[in-house]
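Engineer: I am sharing model_17.pdb, which consists of PDB, C-alpha atoms:
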MODEL        1
ATOM      1  CA  MET A   1       0.000   0.000   0.000
ATOM      2  CA  THR A   2       1.356   3.387  -0.958
ATOM      3  CA  ASP A   3       1.365   6.380   1.371
ATOM      4  CA  PHE A   4       2.550   9.197  -0.895
ATOM      5  CA  ARG A   5       2.049  12.473   0.984
ATOM      6  CA  ARG A   6       1.777  15.514  -1.268
ATOM      7  CA  VAL A   7       3.764  18.522  -0.045
ATOM      8  CA  THR A   8       3.763  20.603  -3.244
ATOM      9  CA  ASP A   9       2.997  19.900  -6.892
ATOM     10  CA  GLU A  10       6.696  19.063  -7.254
ATOM     11  CA  LEU A  11       7.259  16.999  -4.087
ATOM     12  CA  SER A  12       5.637  14.167  -2.230
ATOM     13  CA  VAL A  13       7.234  12.239   0.622
ATOM     14  CA  ALA A  14       6.574   8.764   1.905
ATOM     15  CA  PRO A  15       7.507   6.329   4.595
ATOM     16  CA  GLN A  16       9.526   3.359   3.309
ATOM     17  CA  ILE A  17       8.124   2.205  -0.010
ATOM     18  CA  ARG A  18       8.440  -1.279  -1.441
ATOM     19  CA  VAL A  19      10.021  -2.192  -4.752
ATOM     20  CA  GLU A  20       6.481  -2.892  -6.007
ATOM     21  CA  ASP A  21       5.419   0.691  -5.165
ATOM     22  CA  VAL A  22       7.862   2.214  -7.647
ATOM     23  CA  ALA A  23       5.707   1.326 -10.675
ATOM     24  CA  GLU A  24       2.725   2.964  -8.932
ATOM     25  CA  ALA A  25       4.817   6.097  -8.368
ATOM     26  CA  ALA A  26       5.549   6.216 -12.099
ATOM     27  CA  ARG A  27       1.837   5.717 -12.894
ATOM     28  CA  GLN A  28       1.034   8.661 -10.625
ATOM     29  CA  GLY A  29       3.364  10.892 -12.639
ATOM     30  CA  PHE A  30       6.490  11.054 -10.502
ATOM     31  CA  ARG A  31       9.665  11.496 -12.544
ATOM     32  CA  THR A  32      12.346  11.121  -9.841
ATOM     33  CA  LEU A  33      12.646   8.831  -6.837
ATOM     34  CA  VAL A  34      14.832   9.997  -3.934
ATOM     35  CA  ASN A  35      15.936   7.490  -1.317
ATOM     36  CA  ASN A  36      16.998   9.254   1.898
ATOM     37  CA  ARG A  37      17.565   6.007   3.754
ATOM     38  CA  PRO A  38      20.956   4.338   4.257
ATOM     39  CA  ASP A  39      21.205   0.670   3.330
ATOM     40  CA  GLY A  40      20.975  -1.760   6.242
ATOM     41  CA  GLU A  41      19.142   0.588   8.575
ATOM     42  CA  GLU A  42      16.494  -2.022   9.281
ATOM     43  CA  PRO A  43      16.275  -5.737   8.488
ATOM     44  CA  GLY A  44      14.258  -6.442   5.375
ATOM     45  CA  GLN A  45      14.288  -2.964   3.898
ATOM     46  CA  PRO A  46      14.992  -2.859   0.151
ATOM     47  CA  THR A  47      18.547  -1.874  -0.747
ATOM     48  CA  SER A  48      19.394   1.213  -2.721
ATOM     49  CA  ALA A  49      20.438  -1.018  -5.634
ATOM     50  CA  GLN A  50      17.027  -2.740  -5.604
ATOM     51  CA  MET A  51      15.211   0.595  -5.514
ATOM     52  CA  GLN A  52      17.396   2.003  -8.286
ATOM     53  CA  ALA A  53      16.720  -1.026 -10.502
ATOM     54  CA  ALA A  54      12.961  -0.674  -9.903
ATOM     55  CA  ALA A  55      13.098   3.060 -10.622
ATOM     56  CA  GLU A  56      15.022   2.569 -13.846
ATOM     57  CA  ALA A  57      12.635  -0.219 -14.933
ATOM     58  CA  ALA A  58       9.728   2.178 -14.361
ATOM     59  CA  GLY A  59      11.433   5.002 -16.271
ATOM     60  CA  LEU A  60      12.210   7.111 -13.203
ATOM     61  CA  ALA A  61      15.406   8.939 -12.334
ATOM     62  CA  TYR A  62      16.863   7.691  -9.061
ATOM     63  CA  VAL A  63      18.934   9.539  -6.467
ATOM     64  CA  HIS A  64      20.281   8.138  -3.205
ATOM     65  CA  ILE A  65      21.008  10.740  -0.523
ATOM     66  CA  PRO A  66      21.225   8.628   2.649
ATOM     67  CA  VAL A  67      20.567  10.745   5.734
ATOM     68  CA  VAL A  68      21.480   9.498   9.202
ATOM     69  CA  GLY A  69      19.953  11.640  11.946
ATOM     70  CA  GLY A  70      19.686  15.142  10.533
ATOM     71  CA  PRO A  71      20.857  16.105   7.066
ATOM     72  CA  THR A  72      24.346  17.542   6.637
ATOM     73  CA  PRO A  73      24.915  20.816   4.781
ATOM     74  CA  GLN A  74      26.228  18.759   1.841
ATOM     75  CA  GLN A  75      23.034  16.677   1.771
ATOM     76  CA  VAL A  76      20.912  19.826   1.872
ATOM     77  CA  GLU A  77      22.939  21.259  -1.033
ATOM     78  CA  ALA A  78      22.564  18.006  -3.000
ATOM     79  CA  SER A  79      18.824  18.113  -2.370
ATOM     80  CA  GLN A  80      18.657  21.743  -3.440
ATOM     81  CA  ARG A  81      20.423  20.913  -6.739
ATOM     82  CA  LEU A  82      18.217  17.881  -7.252
ATOM     83  CA  PHE A  83      14.995  19.859  -6.918
ATOM     84  CA  ALA A  84      16.303  22.671  -9.120
ATOM     85  CA  GLU A  85      17.158  20.187 -11.874
ATOM     86  CA  ALA A  86      14.316  17.656 -11.492
ATOM     87  CA  ASP A  87      12.262  17.027 -14.593
ATOM     88  CA  GLY A  88       8.855  16.777 -12.972
ATOM     89  CA  PRO A  89       7.459  15.660  -9.637
ATOM     90  CA  VAL A  90       9.735  14.002  -7.082
ATOM     91  CA  LEU A  91       8.861  11.286  -4.591
ATOM     92  CA  ALA A  92      11.285  11.175  -1.646
ATOM     93  CA  PHE A  93      11.203   8.495   1.023
ATOM     94  CA  CYS A  94      12.945   7.264   4.166
ATOM     95  CA  ARG A  95      11.754   5.153   7.094
ATOM     96  CA  SER A  96       8.932   7.516   8.105
ATOM     97  CA  GLY A  97       9.241  10.343   5.557
ATOM     98  CA  THR A  98      10.586  12.754   8.182
ATOM     99  CA  ARG A  99      14.205  12.873   6.982
ATOM    100  CA  SER A 100      12.957  13.396   3.445
ATOM    101  CA  ILE A 101      10.732  16.348   4.278
ATOM    102  CA  VAL A 102      13.311  17.846   6.655
ATOM    103  CA  THR A 103      16.045  17.673   4.002
ATOM    104  CA  TRP A 104      13.728  19.244   1.413
ATOM    105  CA  THR A 105      12.577  21.904   3.886
ATOM    106  CA  LEU A 106      16.123  22.951   4.724
ATOM    107  CA  ALA A 107      16.963  23.107   1.009
ATOM    108  CA  GLN A 108      13.909  25.275   0.354
ATOM    109  CA  ALA A 109      14.709  27.533   3.312
ATOM    110  CA  ALA A 110      18.279  27.971   2.040
ATOM    111  CA  SER A 111      17.015  28.945  -1.405
ATOM    112  CA  GLY A 112      14.449  31.377   0.013
ATOM    113  CA  ALA A 113      11.675  29.694  -1.980
ATOM    114  CA  TYR A 114       9.225  29.731   0.929
ATOM    115  CA  SER A 115       8.893  31.464   4.270
ATOM    116  CA  ARG A 116       9.329  29.543   7.513
ATOM    117  CA  ASP A 117       5.573  29.717   8.172
ATOM    118  CA  GLU A 118       4.807  28.355   4.693
ATOM    119  CA  LEU A 119       7.240  25.456   5.123
ATOM    120  CA  VAL A 120       5.871  24.548   8.552
ATOM    121  CA  ALA A 121       2.303  24.691   7.189
ATOM    122  CA  MET A 122       3.198  22.470   4.200
ATOM    123  CA  GLY A 123       4.808  19.966   6.530
ATOM    124  CA  ARG A 124       1.782  19.974   8.816
ATOM    125  CA  ALA A 125      -0.567  19.412   5.863
ATOM    126  CA  ALA A 126       1.518  16.362   4.886
ATOM    127  CA  GLY A 127       1.468  15.011   8.448
ATOM    128  CA  TYR A 128       4.888  16.210   9.686
ATOM    129  CA  ASP A 129       5.655  18.672  12.483
ATOM    130  CA  LEU A 130       8.481  20.923  11.299
ATOM    131  CA  SER A 131       7.965  23.614  13.942
ATOM    132  CA  SER A 132      11.055  22.616  15.906
ATOM    133  CA  LEU A 133      13.414  22.901  12.920
ATOM    134  CA  ARG A 134      15.974  25.684  13.152
ATOM    135  CA  TRP A 135      17.238  27.509  10.106
TER     136      TRP A 135
ENDMDL
END
Kindly present the structure from the file in structure tokens form.
Structural biologist:
Amino acid sequence: MTDFRRVTDELSVAPQIRVEDVAEAARQGFRTLVNNRPDGEEPGQPTSAQMQAAAEAAGLAYVHIPVVGGPTPQQVEASQRLFAEADGPVLAFCRSGTRSIVTWTLAQAASGAYSRDELVAMGRAAGYDLSSLRW
């Protein structure tokens, strides 16, 4: 079962998706899949290589930006570049979706694309509390 949570027209986040969910993401119009989860974080989770193969089979671009704890400045910069260059909607996932939306939020804050209040409200609408983030 998919749990794609729309944040903007260009971004949705999700808790861990399965290899089988990648084709559904493509059917829903996503163009890029971002995996913010390191391999081996939890027994049974699909590997980055498995997710990349599924993404490529479904015609999606695939990016692996594994975040442990909070995102580093380099991961935020990579995310910022990714969203600037993405060719269509992006689906980002991690264990719960939190690292994905936090990384995106920090990238958006750094670019000045949205105000703090707008970012917190978008997170809340997608089911994530971003009010404690500092930027």
Engineer: Run the PyMOL selection byres ((chain A and resi 61-76) around 6) mentally over the shown coordinates, then write out the matched residues as a ChimeraX atom specification, using the chain letters and numbers from the document.
Structural biologist: /A:32-38,52,60,77-79,103,107
Engineer: Counting all atoms listed in the file, what is within 10 Å of Ala110 of chain A, bar same-chain residues fewer than 4 positions away, as a PyMOL selection string?
Structural biologist: chain A and resi 76-77+80+104-106+114+135
Engineer: Would you translate the PyMOL selection byres ((chain A and resi 58) around 8) into the concrete set of residues it matches in this file, as a CSV table (one decimal) with C-alpha atoms, in the coordinates of the input?
Structural biologist:
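Resulting contents of selection-v8.csv:
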chain,number,residue,atom,x,y,z
A,22,VAL,CA,7.9,2.2,-7.6
A,23,ALA,CA,5.7,1.3,-10.7
A,26,ALA,CA,5.5,6.2,-12.1
A,54,ALA,CA,13.0,-0.7,-9.9
A,55,ALA,CA,13.1,3.1,-10.6
A,56,GLU,CA,15.0,2.6,-13.8
A,57,ALA,CA,12.6,-0.2,-14.9
A,59,GLY,CA,11.4,5.0,-16.3
A,60,LEU,CA,12.2,7.1,-13.2
Engineer: Here is a test: counting all atoms listed in the file, which residue of A:Gly97, A:Gly112, A:Pro89, A:Gly123 is nearest to Arg31 of chain A?
Structural biologist: A:Pro89
Engineer: For a quick check of understanding, using only C-alpha atoms, which of A:Ser12, A:Gln28, A:Gln45, A:Ser100 has the smallest distance to Leu130 of chain A?
Structural biologist: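 Of A:Ser12, A:Gln28, A:Gln45, A:Ser100, the one nearest Leu130 of chain A, counting only C-alpha atoms, is A:Ser100.
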Engineer: Check the smallest atom-to-atom distance from each of A:Cys94, A:Ala84, A:Leu11, A:Val120 to Pro46 of chain A using all atoms listed in the file, then report the winner.
Structural biologist: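 Under the stated criterion, the closest residue is A:Cys94.
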Engineer: Please indicate the distance in Å from atom CA of Leu133 of chain A to atom CA of Ala92 of chain A, rounded to one decimal place.
Structural biologist: 18.8 Å
Engineer: Which one is closest to Val7 of chain A: A:Arg124, A:Arg99, A:Arg134, A:Arg27? Count all atoms listed in the file.
Structural biologist: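 The closest residue to Val7 of chain A is A:Arg124.
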Engineer: Record the distance separating atom CA of Val19 of chain A and atom CA of Met51 of chain A, expressed in Å with one decimal.
Structural biologist: 5.9 Å
Engineer: As an exercise, work out the distance from atom CA of Arg95 of chain A to atom CA of Gln16 of chain A in Å and give it to one decimal place.
Structural biologist: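 These two atoms are separated by 4.7 Å.
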Engineer: Nearest residue to Met122 of chain A out of A:Ile101, A:Leu91, A:Ala14, A:Ala53, using all atoms listed in the file?
Structural biologist: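 For Met122 of chain A, the nearest of the given residues is A:Ile101.
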